[in-house]
file start11.txt (compact mmCIF, C-alpha atoms)
# COMPACT_ATOMS: atom_id res chain seq x y z
CA MET A 1 0.00 0.00 0.00
CA THR A 2 1.43 3.41 -0.91
CA ASN A 3 0.32 6.97 -0.96
CA THR A 4 0.42 7.77 -4.67
CA ALA A 5 0.44 11.52 -4.10
CA THR A 6 3.89 11.38 -2.53
CA ALA A 7 4.85 7.76 -3.32
CA VAL A 8 5.90 7.14 0.28
CA PRO A 9 5.49 3.46 1.14
CA LEU A 10 3.95 2.41 4.42
CA ASN A 11 6.56 1.06 6.82
CA GLU A 12 6.62 -2.49 8.19
CA THR A 13 5.19 -1.47 11.57
CA VAL A 14 2.12 0.11 9.98
CA LEU A 15 1.56 -2.87 7.69
CA LYS A 16 2.11 -5.43 10.47
CA ASN A 17 -0.36 -3.80 12.87
CA ALA A 18 -3.09 -2.95 10.34
CA ARG A 19 -6.53 -4.24 11.27
CA PRO A 20 -8.86 -4.14 8.25
CA GLN A 21 -12.02 -4.51 10.36
CA VAL A 22 -11.02 -1.46 12.40
CA ALA A 23 -10.30 0.45 9.17
CA VAL A 24 -13.85 -0.24 7.97
CA TRP A 25 -15.25 0.96 11.31
CA LEU A 26 -13.02 4.07 11.14
CA ALA A 27 -14.19 5.05 7.64
CA GLU A 28 -17.80 4.83 8.86
CA PHE A 29 -16.98 6.77 12.06
CA VAL A 30 -15.31 9.58 10.12
CA ALA A 31 -18.21 9.79 7.63
CA ARG A 32 -21.00 9.79 10.22
CA ASN A 33 -19.27 12.53 12.21
CA GLY A 34 -18.61 14.81 9.23
CA GLY A 35 -14.83 14.51 9.35
CA PHE A 36 -12.43 13.71 6.56
CA VAL A 37 -9.47 12.10 8.31
CA GLY A 38 -9.12 9.71 11.23
CA SER A 39 -6.97 7.21 13.07
CA VAL A 40 -7.21 4.44 15.63
CA HIS A 41 -4.37 3.58 17.98
CA LEU A 42 -4.59 0.64 20.39
CA THR A 43 -2.65 -0.13 23.55
CA GLU A 44 -2.82 -3.91 23.09
CA PRO A 45 -0.32 -4.47 20.26
CA ALA A 46 2.23 -2.15 21.92
CA GLY A 47 5.33 -3.87 23.20
CA THR A 48 5.44 -1.81 26.39
CA ASP A 49 3.17 0.17 28.66
CA GLY A 50 3.12 3.82 27.79
CA GLU A 51 2.74 3.39 24.03
CA ILE A 52 -0.08 3.18 21.54
CA VAL A 53 0.09 1.56 18.11
CA LEU A 54 -1.62 2.67 14.90
CA VAL A 55 -3.98 -0.04 13.62
CA ALA A 56 -6.18 1.97 11.21
CA ALA A 57 -6.07 5.25 9.32
CA HIS A 58 -8.52 7.01 7.05
CA ASN A 59 -7.21 9.59 4.54
CA LEU A 60 -3.91 9.95 6.40
CA PRO A 61 -0.86 10.32 4.15
CA ALA A 62 1.63 7.46 4.42
CA SER A 63 4.21 9.84 5.91
CA VAL A 64 1.82 10.60 8.81
CA GLN A 65 0.95 6.92 9.27
CA ASN A 66 4.65 6.02 9.38
CA GLY A 67 5.35 8.82 11.84
CA THR A 68 2.52 7.76 14.14
CA ALA A 69 2.98 3.98 13.86
CA THR A 70 3.99 3.87 17.54
CA ILE A 71 3.38 6.84 19.83
CA PRO A 72 4.63 7.24 23.39
CA PHE A 73 2.17 8.59 25.92
CA GLY A 74 2.47 12.38 26.06
CA LYS A 75 3.61 12.92 22.44
CA GLY A 76 1.30 14.68 19.99
CA MET A 77 -2.46 14.74 20.25
CA ALA A 78 -2.98 10.96 20.47
CA GLY A 79 -0.20 10.48 23.00
CA THR A 80 -1.48 13.38 25.08
CA ALA A 81 -5.01 11.93 25.08
CA ALA A 82 -3.54 8.58 26.14
CA GLU A 83 -1.53 10.16 28.94
CA ARG A 84 -4.35 12.38 30.23
CA ARG A 85 -7.07 9.77 29.63
CA ALA A 86 -9.15 12.70 28.36
CA PRO A 87 -10.08 14.14 24.97
CA VAL A 88 -7.65 16.56 23.36
CA ALA A 89 -9.09 19.13 20.97
CA VAL A 90 -7.29 21.65 18.77
CA SER A 91 -9.29 24.40 17.06
CA ASP A 92 -6.89 24.63 14.10
CA PHE A 93 -4.21 21.96 13.82
CA GLN A 94 -2.43 23.88 11.06
CA ALA A 95 -2.00 26.98 13.24
CA ASP A 96 -1.65 25.36 16.67
CA THR A 97 1.17 26.69 18.83
CA THR A 98 0.42 24.76 22.05
CA GLY A 99 2.87 22.00 21.17
CA VAL A 100 0.16 19.33 21.19
CA ALA A 101 -0.08 19.30 17.39
CA VAL A 102 3.12 17.71 16.08
CA ALA A 103 4.51 19.38 12.94
CA GLY A 104 4.68 16.13 10.94
CA GLY A 105 0.96 15.64 11.37
CA ARG A 106 0.22 18.83 9.46
CA ALA A 107 0.58 16.83 6.23
CA ALA A 108 -2.89 15.40 6.94
CA GLN A 109 -4.30 18.91 6.26
CA SER A 110 -6.69 18.65 9.19
CA ARG A 111 -7.91 21.85 10.79
CA GLY A 112 -10.30 21.24 13.71
CA SER A 113 -8.96 18.05 15.30
CA LEU A 114 -9.60 15.89 18.30
CA THR A 115 -8.38 12.68 19.87
CA LEU A 116 -10.64 10.60 22.06
CA PRO A 117 -9.48 8.03 24.62
CA VAL A 118 -11.50 4.81 24.80
CA HIS A 119 -11.50 2.86 28.05
CA ALA A 120 -12.33 -0.77 28.75
CA PRO A 121 -16.07 -1.18 29.37
CA ASP A 122 -15.44 -2.98 32.66
CA ASP A 123 -12.59 -0.73 33.89
CA ASP A 124 -12.74 3.01 33.21
CA THR A 125 -9.11 3.35 34.31
CA ARG A 126 -7.76 1.00 31.61
CA LEU A 127 -7.07 2.73 28.30
CA VAL A 128 -7.77 0.53 25.26
CA ALA A 129 -7.69 2.90 22.30
CA VAL A 130 -7.31 6.47 21.10
CA VAL A 131 -9.48 7.54 18.17
CA GLY A 132 -8.54 10.61 16.13
CA LEU A 133 -10.92 12.69 14.03
CA GLY A 134 -10.08 15.67 11.83
CA PHE A 135 -12.21 18.22 10.01
CA THR A 136 -11.53 20.44 7.01
CA GLU A 137 -12.44 23.63 8.84
CA PRO A 138 -11.20 25.14 12.11
CA ARG A 139 -13.66 24.63 14.95
CA ASP A 140 -14.09 24.81 18.66
CA PHE A 141 -15.59 21.73 20.29
CA THR A 142 -18.19 21.98 23.05
CA GLU A 143 -18.25 19.61 26.01
CA ALA A 144 -21.45 18.10 24.61
CA GLU A 145 -19.76 17.44 21.25
CA LEU A 146 -16.73 15.86 22.94
CA ALA A 147 -19.04 13.59 24.93
CA ALA A 148 -20.99 12.58 21.81
CA TYR A 149 -17.85 11.95 19.75
CA GLY A 150 -16.37 10.02 22.69
CA ALA A 151 -19.44 7.79 23.01
CA ASP A 152 -19.30 7.06 19.28
CA ALA A 153 -15.54 6.42 19.44
CA ALA A 154 -16.13 3.79 22.14
CA THR A 155 -17.98 1.68 19.57
CA VAL A 156 -14.56 0.79 18.15
CA LEU A 157 -14.47 -1.85 20.87
CA THR A 158 -17.02 -3.87 18.88
CA VAL A 159 -14.36 -4.52 16.20
CA ALA A 160 -10.98 -3.99 17.86

call {"tool": "encode", "arguments": {"input": "start11.txt", "output": "structure tokens"}}
result
Amino acid sequence: MTNTATAVPLNETVLKNARPQVAVWLAEFVARNGGFVGSVHLTEPAGTDGEIVLVAAHNLPASVQNGTATIPFGKGMAGTAAERRAPVAVSDFQADTTGVAVAGGRAAQSRGSLTLPVHAPDDDTRLVAVVGLGFTEPRDFTEAELAAYGADAATVLTVA
């Protein structure tokens, strides 16, 4: 699998951890929430605690997938959501200066962006996944929107 726009091949880590059933779920999640780009990272395939592993991406350039194949807690939006166990929202990823939006991720062209932690249904302290969702326009997310997106993101557990 390659990104024909830049002809960057996906690396072995991305290919090894890909979960097609999660990719199908992610495409549907992105569409029903009006986004255009998304990702799913899981804790389970990670070799150590404190990391999440990319298992599905929707409309993410290969360079971004390769760069986010394994993310330590605390790095970038997904790693920050994993570390905080709370949603992380950025009004405009392209213009963000908080340090949460990693420069390499700008290639995805996302503006309003959020990452949503997903916890085990039987243990709300155990992180299972982080779901990312990006929009074409800058936006501010309300608490009600974050809760709704988070509830929808938790449905990834039906396929992960």

call {"tool": "residues_around", "arguments": {"input": "start11.txt", "residues": "Phe141 (chain A)", "least_positions_apart": "2", "cutoff": "8 Å", "atoms": "all atoms listed in the file", "output": "count of residues only"}}
result
6

call {"tool": "closest_residue", "arguments": {"input": "start11.txt", "among": "A:Ala147, A:Val37, A:Val130, A:Ala160", "to": "Ala18 (chain A)", "atoms": "all atoms listed in the file"}}
result
A:Ala160

call {"tool": "atom_distance", "arguments": {"input": "start11.txt", "atom1": "CA of Asn17 (chain A)", "atom2": "CA of Gly112 (chain A)"}}
result
27.0 Å

call {"tool": "closest_residue", "arguments": {"input": "start11.txt", "among": "A:Ile52, A:Leu26, A:Val90, A:Ala57", "to": "Ala129 (chain A)", "atoms": "only C-alpha atoms"}}
result
A:Ile52

call {"tool": "residues_around", "arguments": {"input": "start11.txt", "residues": "Thr43 (chain A)", "least_positions_apart": "5", "cutoff": "9 Å", "atoms": "only C-alpha atoms", "output": "PyMOL selection string"}}
result
chain A and resi 48-53+127-130

call {"tool": "residues_around", "arguments": {"input": "start11.txt", "residues": "Glu28 (chain A)", "least_positions_apart": "5", "cutoff": "12 Å", "atoms": "all atoms listed in the file", "output": "list in words"}}
result
Gln21, Val22, Ala23, Asn33, Gly34, Gly35, Phe36, Val37, Gly38, Ser39, Ala57, His58, Leu133, Asp152, Ala153, Thr155 and Val156 of chain A

call {"tool": "closest_residue", "arguments": {"input": "start11.txt", "among": "A:Val88, A:Thr125, A:Thr136, A:Ala62", "to": "Val30 (chain A)", "atoms": "all atoms listed in the file"}}
result
A:Thr136

call {"tool": "residues_around", "arguments": {"input": "start11.txt", "residues": "Gly79 (chain A)", "least_positions_apart": "2", "cutoff": "12 Å", "atoms": "only C-alpha atoms", "output": "JSON, numbers by chain"}}
result
{"A": [40, 41, 42, 43, 50, 51, 52, 53, 54, 68, 69, 70, 71, 72, 73, 74, 75, 76, 77, 81, 82, 83, 84, 85, 86, 87, 88, 100, 101, 102, 114, 115, 116, 117, 127, 129, 130, 131, 132]}

call {"tool": "closest_residue", "arguments": {"input": "start11.txt", "among": "A:Pro61, A:Ala148, A:Ala154, A:Gly134", "to": "Ala31 (chain A)", "atoms": "only C-alpha atoms"}}
result
A:Gly134

call {"tool": "atom_distance", "arguments": {"input": "start11.txt", "atom1": "CA of Gln65 (chain A)", "atom2": "CA of Arg32 (chain A)"}}
result
22.2 Å

call {"tool": "atom_distance", "arguments": {"input": "start11.txt", "atom1": "CA of Ala151 (chain A)", "atom2": "CA of Val64 (chain A)"}}
result
25.7 Å

call {"tool": "closest_residue", "arguments": {"input": "start11.txt", "among": "A:Pro45, A:Val55, A:Ala120, A:Phe29", "to": "Val14 (chain A)", "atoms": "all atoms listed in the file"}}
result
A:Val55

call {"tool": "closest_residue", "arguments": {"input": "start11.txt", "among": "A:Val24, A:Asp92, A:Ser63, A:Asp123", "to": "Ala7 (chain A)", "atoms": "all atoms listed in the file"}}
result
A:Ser63

call {"tool": "axis_aligned_box", "arguments": {"input": "start11.txt", "around": "region 18-32 of chain A", "padding_each_side": "8 Å", "output": "JSON"}}
result
{"center_x": -12.0, "center_y": 2.6, "center_z": 10.0, "size_x": 33.9, "size_y": 30.3, "size_z": 20.8}

call {"tool": "decode", "arguments": {"input": "start11.txt", "residues": "region 52-145 of chain A", "atoms": "C-alpha atoms", "output": "PDB file, in the first residue's frame"}}
result
ATOM      1  CA  ILE A  52      -0.083   3.182  21.542  1.00  0.00           C
ATOM      2  CA  VAL A  53       0.093   1.564  18.105  1.00  0.00           C
ATOM      3  CA  LEU A  54      -1.625   2.672  14.896  1.00  0.00           C
ATOM      4  CA  VAL A  55      -3.984  -0.037  13.622  1.00  0.00           C
ATOM      5  CA  ALA A  56      -6.177   1.965  11.209  1.00  0.00           C
ATOM      6  CA  ALA A  57      -6.067   5.246   9.323  1.00  0.00           C
ATOM      7  CA  HIS A  58      -8.525   7.014   7.049  1.00  0.00           C
ATOM      8  CA  ASN A  59      -7.215   9.591   4.536  1.00  0.00           C
ATOM      9  CA  LEU A  60      -3.909   9.954   6.404  1.00  0.00           C
ATOM     10  CA  PRO A  61      -0.858  10.320   4.154  1.00  0.00           C
ATOM     11  CA  ALA A  62       1.633   7.463   4.416  1.00  0.00           C
ATOM     12  CA  SER A  63       4.207   9.842   5.913  1.00  0.00           C
ATOM     13  CA  VAL A  64       1.823  10.599   8.807  1.00  0.00           C
ATOM     14  CA  GLN A  65       0.951   6.920   9.271  1.00  0.00           C
ATOM     15  CA  ASN A  66       4.649   6.019   9.376  1.00  0.00           C
ATOM     16  CA  GLY A  67       5.354   8.824  11.843  1.00  0.00           C
ATOM     17  CA  THR A  68       2.519   7.760  14.137  1.00  0.00           C
ATOM     18  CA  ALA A  69       2.983   3.985  13.863  1.00  0.00           C
ATOM     19  CA  THR A  70       3.987   3.874  17.535  1.00  0.00           C
ATOM     20  CA  ILE A  71       3.385   6.837  19.831  1.00  0.00           C
ATOM     21  CA  PRO A  72       4.635   7.239  23.389  1.00  0.00           C
ATOM     22  CA  PHE A  73       2.167   8.591  25.920  1.00  0.00           C
ATOM     23  CA  GLY A  74       2.469  12.376  26.056  1.00  0.00           C
ATOM     24  CA  LYS A  75       3.613  12.920  22.441  1.00  0.00           C
ATOM     25  CA  GLY A  76       1.296  14.675  19.992  1.00  0.00           C
ATOM     26  CA  MET A  77      -2.462  14.737  20.254  1.00  0.00           C
ATOM     27  CA  ALA A  78      -2.979  10.964  20.472  1.00  0.00           C
ATOM     28  CA  GLY A  79      -0.196  10.483  22.997  1.00  0.00           C
ATOM     29  CA  THR A  80      -1.482  13.380  25.078  1.00  0.00           C
ATOM     30  CA  ALA A  81      -5.012  11.935  25.081  1.00  0.00           C
ATOM     31  CA  ALA A  82      -3.541   8.583  26.145  1.00  0.00           C
ATOM     32  CA  GLU A  83      -1.526  10.161  28.941  1.00  0.00           C
ATOM     33  CA  ARG A  84      -4.351  12.379  30.227  1.00  0.00           C
ATOM     34  CA  ARG A  85      -7.075   9.767  29.631  1.00  0.00           C
ATOM     35  CA  ALA A  86      -9.150  12.695  28.364  1.00  0.00           C
ATOM     36  CA  PRO A  87     -10.082  14.144  24.965  1.00  0.00           C
ATOM     37  CA  VAL A  88      -7.645  16.557  23.364  1.00  0.00           C
ATOM     38  CA  ALA A  89      -9.094  19.132  20.967  1.00  0.00           C
ATOM     39  CA  VAL A  90      -7.295  21.646  18.768  1.00  0.00           C
ATOM     40  CA  SER A  91      -9.286  24.397  17.064  1.00  0.00           C
ATOM     41  CA  ASP A  92      -6.888  24.634  14.104  1.00  0.00           C
ATOM     42  CA  PHE A  93      -4.213  21.959  13.823  1.00  0.00           C
ATOM     43  CA  GLN A  94      -2.435  23.883  11.062  1.00  0.00           C
ATOM     44  CA  ALA A  95      -2.000  26.984  13.236  1.00  0.00           C
ATOM     45  CA  ASP A  96      -1.652  25.360  16.669  1.00  0.00           C
ATOM     46  CA  THR A  97       1.166  26.692  18.835  1.00  0.00           C
ATOM     47  CA  THR A  98       0.420  24.762  22.054  1.00  0.00           C
ATOM     48  CA  GLY A  99       2.866  22.003  21.166  1.00  0.00           C
ATOM     49  CA  VAL A 100       0.162  19.331  21.192  1.00  0.00           C
ATOM     50  CA  ALA A 101      -0.079  19.296  17.390  1.00  0.00           C
ATOM     51  CA  VAL A 102       3.123  17.706  16.084  1.00  0.00           C
ATOM     52  CA  ALA A 103       4.507  19.381  12.943  1.00  0.00           C
ATOM     53  CA  GLY A 104       4.679  16.132  10.937  1.00  0.00           C
ATOM     54  CA  GLY A 105       0.956  15.636  11.375  1.00  0.00           C
ATOM     55  CA  ARG A 106       0.217  18.825   9.462  1.00  0.00           C
ATOM     56  CA  ALA A 107       0.577  16.833   6.233  1.00  0.00           C
ATOM     57  CA  ALA A 108      -2.885  15.405   6.944  1.00  0.00           C
ATOM     58  CA  GLN A 109      -4.303  18.909   6.260  1.00  0.00           C
ATOM     59  CA  SER A 110      -6.693  18.645   9.194  1.00  0.00           C
ATOM     60  CA  ARG A 111      -7.913  21.855  10.792  1.00  0.00           C
ATOM     61  CA  GLY A 112     -10.299  21.242  13.710  1.00  0.00           C
ATOM     62  CA  SER A 113      -8.956  18.050  15.295  1.00  0.00           C
ATOM     63  CA  LEU A 114      -9.599  15.887  18.301  1.00  0.00           C
ATOM     64  CA  THR A 115      -8.380  12.676  19.868  1.00  0.00           C
ATOM     65  CA  LEU A 116     -10.637  10.602  22.062  1.00  0.00           C
ATOM     66  CA  PRO A 117      -9.485   8.034  24.622  1.00  0.00           C
ATOM     67  CA  VAL A 118     -11.496   4.812  24.801  1.00  0.00           C
ATOM     68  CA  HIS A 119     -11.499   2.860  28.054  1.00  0.00           C
ATOM     69  CA  ALA A 120     -12.325  -0.774  28.747  1.00  0.00           C
ATOM     70  CA  PRO A 121     -16.073  -1.178  29.366  1.00  0.00           C
ATOM     71  CA  ASP A 122     -15.435  -2.978  32.663  1.00  0.00           C
ATOM     72  CA  ASP A 123     -12.594  -0.729  33.888  1.00  0.00           C
ATOM     73  CA  ASP A 124     -12.737   3.005  33.213  1.00  0.00           C
ATOM     74  CA  THR A 125      -9.108   3.352  34.308  1.00  0.00           C
ATOM     75  CA  ARG A 126      -7.760   0.996  31.614  1.00  0.00           C
ATOM     76  CA  LEU A 127      -7.069   2.730  28.300  1.00  0.00           C
ATOM     77  CA  VAL A 128      -7.767   0.527  25.265  1.00  0.00           C
ATOM     78  CA  ALA A 129      -7.692   2.903  22.296  1.00  0.00           C
ATOM     79  CA  VAL A 130      -7.308   6.470  21.101  1.00  0.00           C
ATOM     80  CA  VAL A 131      -9.480   7.537  18.169  1.00  0.00           C
ATOM     81  CA  GLY A 132      -8.543  10.611  16.135  1.00  0.00           C
ATOM     82  CA  LEU A 133     -10.924  12.687  14.030  1.00  0.00           C
ATOM     83  CA  GLY A 134     -10.082  15.673  11.831  1.00  0.00           C
ATOM     84  CA  PHE A 135     -12.207  18.221  10.006  1.00  0.00           C
ATOM     85  CA  THR A 136     -11.528  20.440   7.009  1.00  0.00           C
ATOM     86  CA  GLU A 137     -12.444  23.632   8.844  1.00  0.00           C
ATOM     87  CA  PRO A 138     -11.202  25.140  12.113  1.00  0.00           C
ATOM     88  CA  ARG A 139     -13.655  24.632  14.946  1.00  0.00           C
ATOM     89  CA  ASP A 140     -14.091  24.807  18.657  1.00  0.00           C
ATOM     90  CA  PHE A 141     -15.589  21.725  20.285  1.00  0.00           C
ATOM     91  CA  THR A 142     -18.190  21.979  23.048  1.00  0.00           C
ATOM     92  CA  GLU A 143     -18.246  19.610  26.010  1.00  0.00           C
ATOM     93  CA  ALA A 144     -21.451  18.096  24.606  1.00  0.00           C
ATOM     94  CA  GLU A 145     -19.762  17.437  21.246  1.00  0.00           C
TER      95      GLU A 145
END
